[in-house]
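Okay, protein19.cif now, which holds mmCIF, C-alpha atoms:
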data_start
#
loop_
_atom_site.label_atom_id
_atom_site.label_comp_id
_atom_site.auth_asym_id
_atom_site.auth_seq_id
_atom_site.Cartn_x
_atom_site.Cartn_y
_atom_site.Cartn_z
CA THR A 5 -5.15 -11.01 -16.51
CA GLU A 6 -2.67 -13.90 -16.59
CA SER A 7 -0.67 -12.15 -13.87
CA THR A 8 -3.61 -11.59 -11.53
CA GLU A 9 -2.13 -13.80 -8.76
CA VAL A 10 1.20 -11.94 -8.67
CA THR A 11 0.41 -8.38 -9.84
CA GLY A 12 -1.98 -5.70 -8.61
CA SER A 13 -4.49 -5.91 -5.80
CA LYS A 14 -4.21 -8.92 -3.45
CA THR A 15 -6.25 -9.64 -0.32
CA ILE A 16 -6.25 -12.60 2.10
CA PHE A 17 -8.41 -13.05 5.22
CA GLN A 18 -8.15 -15.42 8.16
CA VAL A 19 -11.69 -15.74 9.54
CA GLN A 20 -12.22 -17.31 12.98
CA THR A 21 -15.50 -19.23 13.30
CA ASN A 22 -16.37 -21.99 15.79
CA SER A 23 -12.73 -22.43 16.84
CA GLU A 24 -11.79 -22.94 13.18
CA THR A 25 -9.70 -20.66 10.96
CA HIS A 26 -10.93 -20.23 7.39
CA ILE A 27 -8.62 -18.76 4.74
CA TRP A 28 -10.49 -16.63 2.20
CA GLU A 29 -8.71 -15.07 -0.75
CA PRO A 30 -11.20 -12.92 -2.72
CA PHE A 31 -10.87 -12.79 -6.53
CA SER A 32 -8.31 -15.63 -6.49
CA ILE A 33 -8.38 -19.08 -8.06
CA ARG A 34 -7.17 -20.38 -4.67
CA SER A 35 -10.65 -19.88 -3.17
CA ALA A 36 -12.65 -20.50 -6.35
CA SER A 37 -14.08 -23.91 -5.37
CA LYS A 38 -13.81 -23.51 -1.61
CA TYR A 39 -16.78 -21.23 -0.93
CA HIS A 40 -20.11 -20.26 -2.43
CA THR A 41 -19.40 -16.75 -3.72
CA THR A 42 -20.89 -14.07 -5.96
CA ARG A 43 -18.73 -11.52 -7.79
CA ASN A 44 -19.88 -8.13 -9.06
CA LEU A 45 -18.24 -5.31 -10.97
CA TYR A 46 -19.45 -1.68 -10.87
CA LYS A 47 -18.36 1.58 -12.44
CA ASN A 48 -19.67 5.12 -12.10
CA ILE A 49 -21.27 7.14 -14.91
CA TYR A 50 -18.06 9.03 -15.71
CA GLY A 51 -16.08 5.79 -15.88
CA ASN A 52 -13.31 7.07 -13.58
CA LYS A 53 -14.16 4.76 -10.66
CA VAL A 54 -14.37 0.97 -10.74
CA LEU A 55 -15.45 -1.27 -7.85
CA PHE A 56 -14.82 -5.02 -7.50
CA GLU A 57 -17.04 -6.97 -5.08
CA GLU A 58 -16.99 -10.57 -3.85
CA VAL A 59 -19.76 -11.85 -1.56
CA ASN A 60 -18.86 -14.95 0.48
CA HIS A 61 -22.21 -16.56 1.33
CA ASP A 62 -20.64 -19.28 3.52
CA LEU A 63 -18.69 -16.89 5.77
CA GLU A 64 -21.37 -14.16 5.49
CA LEU A 65 -18.79 -11.55 4.50
CA THR A 66 -18.43 -9.16 1.57
CA PHE A 67 -15.14 -7.63 0.42
CA ARG A 68 -15.02 -4.67 -1.94
CA TYR A 69 -12.20 -2.61 -3.34
CA GLN A 70 -12.56 0.48 -5.49
CA TRP A 71 -10.01 2.26 -7.68
CA ASN A 72 -10.19 6.05 -7.76
CA SER A 73 -7.95 8.80 -9.10
CA SER A 74 -6.91 12.02 -7.38
CA ASP A 75 -5.02 14.85 -9.09
CA LYS A 76 -3.32 15.76 -5.83
CA PHE A 77 -2.56 12.36 -4.29
CA GLY A 78 -2.45 9.85 -7.18
CA PHE A 79 -4.32 6.54 -7.48
CA VAL A 80 -6.42 5.55 -4.47
CA LYS A 81 -7.60 2.03 -3.62
CA LYS A 82 -10.48 1.97 -1.12
CA SER A 83 -11.10 -1.34 0.67
CA GLN A 84 -14.22 -2.36 2.60
CA LEU A 85 -15.07 -5.53 4.55
CA ILE A 86 -18.73 -6.06 5.54
CA ASN A 87 -20.05 -8.53 8.13
CA HIS A 88 -23.56 -9.74 7.21
CA SER A 89 -23.82 -12.28 10.04
CA ASN A 90 -25.60 -11.91 13.39
CA GLN A 91 -22.40 -12.37 15.39
CA THR A 92 -19.06 -10.65 15.83
CA GLN A 93 -16.36 -12.00 13.50
CA ASN A 94 -12.67 -12.00 14.42
CA ILE A 95 -10.61 -11.51 11.29
CA SER A 96 -6.92 -11.17 10.48
CA LEU A 97 -6.50 -9.28 7.22
CA LEU A 98 -3.66 -8.94 4.73
CA ASP A 99 -4.39 -6.42 1.99
CA GLY A 100 -2.28 -4.50 -0.48
CA LEU A 101 -0.64 -4.35 -3.89
CA GLN A 102 1.86 -6.64 -5.60
CA ASN A 103 4.60 -6.13 -8.20
CA ILE A 104 4.86 -2.35 -7.78
CA LEU A 105 7.39 -0.90 -10.21
CA PRO A 106 9.93 1.68 -9.05
CA TYR A 107 10.42 5.02 -10.78
CA GLY A 108 12.73 4.93 -13.82
CA VAL A 109 11.54 1.71 -15.48
CA SER A 110 10.15 2.17 -18.98
CA ALA A 111 7.71 -0.26 -20.58
CA ASP A 112 10.39 -1.43 -23.03
CA LEU A 113 12.90 -2.08 -20.23
CA GLN A 114 10.33 -3.97 -18.14
CA ASN A 115 9.17 -6.10 -21.09
CA ALA A 116 12.69 -6.95 -22.32
CA SER A 117 14.71 -7.15 -19.08
CA SER A 118 12.40 -7.57 -16.06
CA ASN A 119 14.83 -9.90 -14.22
CA LEU A 120 17.60 -7.31 -14.60
CA VAL A 121 15.20 -4.65 -13.29
CA ASP A 122 14.43 -6.82 -10.24
CA ALA A 123 18.15 -6.88 -9.37
CA TYR A 124 18.19 -3.07 -9.20
CA LYS A 125 15.05 -2.70 -7.06
CA ARG A 126 15.12 -1.36 -3.51
CA THR A 127 11.98 -0.90 -1.42
CA GLU A 128 12.09 0.97 1.89
CA LEU A 129 9.58 1.72 4.63
CA ASP A 130 9.38 4.87 6.68
CA ASP A 131 8.37 3.34 10.04
CA LYS A 132 6.57 6.29 11.58
CA SER A 133 4.37 7.20 8.63
CA GLY A 134 4.04 3.77 6.99
CA LEU A 135 5.18 5.18 3.63
CA GLY A 136 6.59 2.62 1.18
CA ILE A 137 9.32 4.00 -1.12
CA PHE A 138 9.89 2.15 -4.41
CA ALA A 139 13.12 3.08 -6.18
CA LEU A 140 16.06 1.74 -8.17
CA SER A 141 19.49 1.55 -6.52
CA ALA A 142 20.72 3.23 -9.74
CA ILE A 143 19.18 4.12 -13.09
CA ILE A 144 19.81 1.25 -15.51
CA VAL A 145 22.02 2.50 -18.39
CA ASP A 146 24.42 0.90 -20.88
CA LYS A 147 27.02 3.63 -20.54
CA ALA A 148 29.99 3.32 -18.19
CA GLU A 149 28.95 6.27 -16.06
CA PRO A 150 27.17 6.77 -12.72
CA SER A 151 23.46 7.45 -12.96
CA GLU A 152 21.76 8.12 -9.64
CA ALA A 153 18.10 7.28 -9.10
CA LEU A 154 16.80 10.49 -7.52
CA LYS A 155 13.04 9.83 -7.77
CA CYS A 156 10.69 7.12 -6.54
CA ASN A 157 7.14 5.82 -6.55
CA VAL A 158 5.27 5.70 -3.23
CA VAL A 159 2.44 3.78 -1.53
CA TRP A 160 0.90 4.43 1.88
CA SER A 161 -2.27 3.56 3.75
CA LEU A 162 -4.93 5.04 6.03
CA GLY A 163 -7.62 3.48 8.21
CA ILE A 164 -5.78 0.66 10.00
CA ASP A 165 -4.04 1.50 13.29
CA LYS A 166 -0.50 0.18 13.79
CA PRO A 167 -0.48 -2.57 11.13
CA THR A 168 2.44 -4.83 10.26
CA TYR A 169 3.89 -3.72 6.91
CA LEU A 170 5.25 -6.01 4.18
CA LEU A 171 7.27 -4.71 1.21
CA SER A 172 7.31 -7.95 -0.79
CA SER A 173 5.15 -11.01 -1.45
CA LEU A 174 7.64 -13.38 0.20
CA GLN A 175 5.54 -13.99 3.34
CA LEU A 176 2.12 -14.53 1.72
CA ASN A 177 2.32 -18.30 2.03
CA GLN A 178 3.19 -17.94 5.72
CA PHE A 179 -0.01 -15.96 6.20
CA ARG A 180 -1.97 -18.63 4.32
CA ARG A 181 -0.54 -21.16 6.82
CA CYS A 182 -1.55 -18.84 9.73
CA GLU A 183 2.08 -18.27 10.72
CA LYS A 184 3.31 -15.03 12.30
CA LEU A 185 4.54 -12.31 9.93
CA THR A 186 7.69 -10.22 10.36
CA GLN A 187 7.60 -6.57 9.30
CA GLU A 188 9.80 -5.71 6.32
CA ASN A 189 11.62 -2.36 6.40
CA ASP A 190 14.19 -2.67 3.60
CA VAL A 191 13.93 -5.15 0.73
CA LYS A 192 16.50 -5.39 -2.07
CA ALA A 193 16.43 -7.21 -5.43
CA GLU A 194 12.82 -8.41 -5.06
CA LYS A 195 9.59 -7.41 -6.77
CA GLY A 196 8.15 -4.58 -4.70
CA ALA A 197 4.84 -4.89 -2.87
CA TYR A 198 2.96 -3.05 -0.15
CA PHE A 199 0.79 -4.95 2.33
CA ILE A 200 -0.76 -4.16 5.68
CA ASN A 201 -1.55 -6.91 8.18
CA SER A 202 -3.85 -6.38 11.15
CA GLU A 203 -6.40 -8.15 13.32
CA THR A 204 -9.89 -6.73 13.65
CA SER A 205 -13.08 -7.63 15.47
CA LEU A 206 -16.05 -6.89 13.24
CA PRO A 207 -19.43 -6.61 15.07
CA ALA A 208 -22.60 -8.01 13.51
CA HIS A 209 -23.91 -6.06 10.50
CA SER A 210 -21.00 -3.61 10.50
CA ASP A 211 -18.14 -2.80 8.16
CA LYS A 212 -14.47 -1.81 8.22
CA ASN A 213 -12.92 0.65 5.75
CA TRP A 214 -9.32 1.47 4.86
CA CYS A 215 -7.46 2.77 1.81
CA PHE A 216 -4.15 2.81 -0.05
CA VAL A 217 -2.75 5.87 -1.78
CA THR A 218 -0.17 5.49 -4.56
CA ASN A 219 1.78 8.04 -6.56
CA VAL A 220 4.65 8.21 -9.05
CA ASN A 221 7.61 10.47 -9.89
CA GLN A 222 8.29 11.77 -6.35
CA ASP A 223 11.58 13.50 -5.44
CA HIS A 224 13.22 13.81 -1.98
CA ALA A 225 11.35 17.01 -1.12
CA ALA A 226 7.96 15.56 -2.08
CA VAL A 227 8.61 12.40 -0.02
CA ALA A 228 9.68 14.43 3.04
CA LYS A 229 6.58 16.64 2.72
CA LEU A 230 4.30 13.61 2.35
CA ILE A 231 5.78 11.86 5.41
CA ASP A 232 5.20 14.99 7.49
CA GLN A 233 1.65 15.30 6.14
CA ILE A 234 0.78 11.66 6.96
CA LYS A 235 2.07 12.06 10.51
CA SER A 236 0.55 15.47 11.33
CA ASP A 237 -2.56 16.08 9.18
CA LYS A 238 -5.61 14.80 11.11
CA ASN A 239 -7.93 15.69 8.22
CA LEU A 240 -5.94 13.87 5.53
CA LYS A 241 -8.53 11.21 4.72
CA ASN A 242 -11.22 13.85 4.07
CA GLU A 243 -8.79 15.79 1.87
CA ILE A 244 -8.20 12.67 -0.24
CA LEU A 245 -11.92 11.90 -0.55
CA ASN A 246 -12.72 15.52 -1.47
CA ASP A 247 -10.00 15.56 -4.14
CA ILE A 248 -11.34 12.32 -5.64
CA GLU A 249 -14.80 13.87 -5.91
CA LEU A 250 -13.31 17.05 -7.36
#
Would you mind writing the structure in this file as structure tokens?
Amino acid sequence: TESTEVTGSKTIFQVQTNSETHIWEPFSIRSASKYHTTRNLYKNIYGNKVLFEEVNHDLELTFRYQWNSSDKFGFVKKSQLINHSNQTQNISLLDGLQNILPYGVSADLQNASSNLVDAYKRTELDDKSGLGIFALSAIIVDKAEPSEALKCNVVWSLGIDKPTYLLSSLQLNQFRRCEKLTQENDVKAEKGAYFINSETSLPAHSDKNWCFVTNVNQDHAAVAKLIDQIKSDKNLKNEILNDIEL
């Protein structure tokens, strides 16, 4: 909980109203005294889904994100933005996950030598599918021998067309200042992250939905298969939702 600003889910909105731009950061201390908000937390009966909700009464918007698990695809974060107002709202969104660990980092190594781990991190983006690949440049060992990192963790998204992708948290303050973001394709020696940035026009009393899919322990073959599936499978979102329910 102390790391909530730098680890896990992070969302920032730029909301255009009356020629003004309002920055709203749900679930963050940065927006705590700025707006009149209500926060709710829900879980299902089985306890395998949890939903976080923040209602912004001033901007007449609600943001929700829900964590789900899928045997086939991994952990799934569903995001939803709802417009309660009587007018169309133009919104620039930045949503994703921070401080994503690569494959090959044990709890003991992370707790004792996290700065050393950062130096070994390499995060790559597959442009065409939007798949983020989180790996080490080499497995961290004390022995004087080569140790290749042949597996990775992955994050990808569905529901937003042609977003700008970020693989670190380095440009978050630029977004808070309403500056233009530059897509990141290859980031070395930084804490990994996965963000999508897009502009959307949300009609009155409507909502926008998108999701992130994350998985661990993926080899080259699994990554290649997943990239092909993201690019070619038109029914992929329904497959994910069905597997969550299963």
Can you list, as number ranges by chain, every protein, DNA or RNA residue that comes within 10 Å of Ala226 in chain A when you count only C-alpha atoms, leaving out same-chain residues fewer than 6 positions away?
A: 155-156, 232
Range 78-139 of chain A near range 182-198 of chain A within 12 Å: what's each residue's closest atom pair and its distance in Å to one decimal, counting all atoms listed in the file, ordered by chain then ascending residue number, as CSV?
residue,atom,partner,partner_atom,distance
A:Ile95,CA,A:Cys182,CA,11.8
A:Ser96,CA,A:Cys182,CA,9.4
A:Leu97,CA,A:Cys182,CA,11.1
A:Leu98,CA,A:Tyr198,CA,10.1
A:Asp99,CA,A:Tyr198,CA,8.4
A:Gly100,CA,A:Tyr198,CA,5.4
A:Leu101,CA,A:Tyr198,CA,5.4
A:Gln102,CA,A:Ala197,CA,4.4
A:Asn103,CA,A:Gly196,CA,5.2
A:Ile104,CA,A:Gly196,CA,5.0
A:Leu105,CA,A:Gly196,CA,6.7
A:Pro106,CA,A:Gly196,CA,7.8
A:Tyr107,CA,A:Gly196,CA,11.6
A:Gln114,CA,A:Lys195,CA,11.9
A:Ser118,CA,A:Lys195,CA,9.7
A:Asn119,CA,A:Ala193,CA,9.3
A:Leu120,CA,A:Ala193,CA,9.2
A:Val121,CA,A:Ala193,CA,8.4
A:Asp122,CA,A:Ala193,CA,5.2
A:Ala123,CA,A:Ala193,CA,4.3
A:Tyr124,CA,A:Ala193,CA,5.9
A:Lys125,CA,A:Ala193,CA,5.0
A:Arg126,CA,A:Lys192,CA,4.5
A:Thr127,CA,A:Val191,CA,5.1
A:Glu128,CA,A:Asp190,CA,4.5
A:Leu129,CA,A:Asn189,CA,4.9
A:Asp130,CA,A:Asn189,CA,7.6
A:Asp131,CA,A:Asn189,CA,7.5
A:Lys132,CA,A:Asn189,CA,11.3
A:Gly134,CA,A:Asn189,CA,9.8
A:Leu135,CA,A:Tyr198,CA,9.3
A:Gly136,CA,A:Tyr198,CA,6.9
A:Ile137,CA,A:Gly196,CA,9.4
A:Phe138,CA,A:Gly196,CA,7.0
A:Ala139,CA,A:Gly196,CA,9.3
Write the residues of the selection above to a file with C-alpha atoms, as a tab-separated table (two decimals), keeping the file's coordinate frame.
chain	number	residue	atom	x	y	z
A	95	ILE	CA	-10.61	-11.51	11.29
A	96	SER	CA	-6.92	-11.17	10.48
A	97	LEU	CA	-6.50	-9.28	7.22
A	98	LEU	CA	-3.66	-8.94	4.73
A	99	ASP	CA	-4.39	-6.42	1.99
A	100	GLY	CA	-2.28	-4.50	-0.48
A	101	LEU	CA	-0.64	-4.35	-3.89
A	102	GLN	CA	1.86	-6.64	-5.60
A	103	ASN	CA	4.60	-6.13	-8.20
A	104	ILE	CA	4.86	-2.35	-7.78
A	105	LEU	CA	7.39	-0.90	-10.21
A	106	PRO	CA	9.93	1.68	-9.05
A	107	TYR	CA	10.42	5.02	-10.78
A	114	GLN	CA	10.33	-3.97	-18.14
A	118	SER	CA	12.40	-7.57	-16.06
A	119	ASN	CA	14.83	-9.90	-14.22
A	120	LEU	CA	17.60	-7.31	-14.60
A	121	VAL	CA	15.20	-4.65	-13.29
A	122	ASP	CA	14.43	-6.82	-10.24
A	123	ALA	CA	18.15	-6.88	-9.37
A	124	TYR	CA	18.19	-3.07	-9.20
A	125	LYS	CA	15.05	-2.70	-7.06
A	126	ARG	CA	15.12	-1.36	-3.51
A	127	THR	CA	11.98	-0.90	-1.42
A	128	GLU	CA	12.09	0.97	1.89
A	129	LEU	CA	9.58	1.72	4.63
A	130	ASP	CA	9.38	4.87	6.68
A	131	ASP	CA	8.37	3.34	10.04
A	132	LYS	CA	6.57	6.29	11.58
A	134	GLY	CA	4.04	3.77	6.99
A	135	LEU	CA	5.18	5.18	3.63
A	136	GLY	CA	6.59	2.62	1.18
A	137	ILE	CA	9.32	4.00	-1.12
A	138	PHE	CA	9.89	2.15	-4.41
A	139	ALA	CA	13.12	3.08	-6.18
Quick one: apply the PyMOL selection byres ((chain A and resi 34-51) around 12) to the file and drop the selected residues here as JSON, numbers by chain.
{"A": [8, 9, 14, 15, 16, 17, 26, 27, 28, 29, 30, 31, 32, 33, 52, 53, 54, 55, 56, 57, 58, 59, 60, 61, 62, 63, 64, 65, 66, 67, 68, 69, 70, 71, 72, 73, 177, 180, 249]}
Atomic distance CA of Arg181 in chain A - CA of Trp160 in chain A, expressed in Å with one decimal
26.1 Å
Do you know which residues the PyMOL selection byres ((chain A and resi 83) around 7) returns on this file, as a ChimeraX atom specification?
/A:68-70,81-82,84-85,213-215
Care to translate the PyMOL selection byres ((chain A and resi 222-225) around 7) into actual residues of this file, as an mmCIF file with C-alpha atoms, in the frame of the given file?
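What ended up in result.cif:
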data_model
loop_
_atom_site.group_PDB
_atom_site.id
_atom_site.type_symbol
_atom_site.label_atom_id
_atom_site.label_comp_id
_atom_site.auth_asym_id
_atom_site.auth_seq_id
_atom_site.Cartn_x
_atom_site.Cartn_y
_atom_site.Cartn_z
ATOM 1 C CA LEU A 154 16.800 10.490 -7.520
ATOM 2 C CA LYS A 155 13.040 9.830 -7.770
ATOM 3 C CA CYS A 156 10.690 7.120 -6.540
ATOM 4 C CA ASN A 157 7.140 5.820 -6.550
ATOM 5 C CA VAL A 220 4.650 8.210 -9.050
ATOM 6 C CA ASN A 221 7.610 10.470 -9.890
ATOM 7 C CA ALA A 226 7.960 15.560 -2.080
ATOM 8 C CA VAL A 227 8.610 12.400 -0.020
ATOM 9 C CA ALA A 228 9.680 14.430 3.040
ATOM 10 C CA LYS A 229 6.580 16.640 2.720
#
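Using all atoms listed in the file, the set of residues no farther than 7 Å from the position (0.0, 9.6, -6.5) comprises Phe77, Gly78, Phe79, Val217, Thr218, Asn219 and Val220 of chain A.
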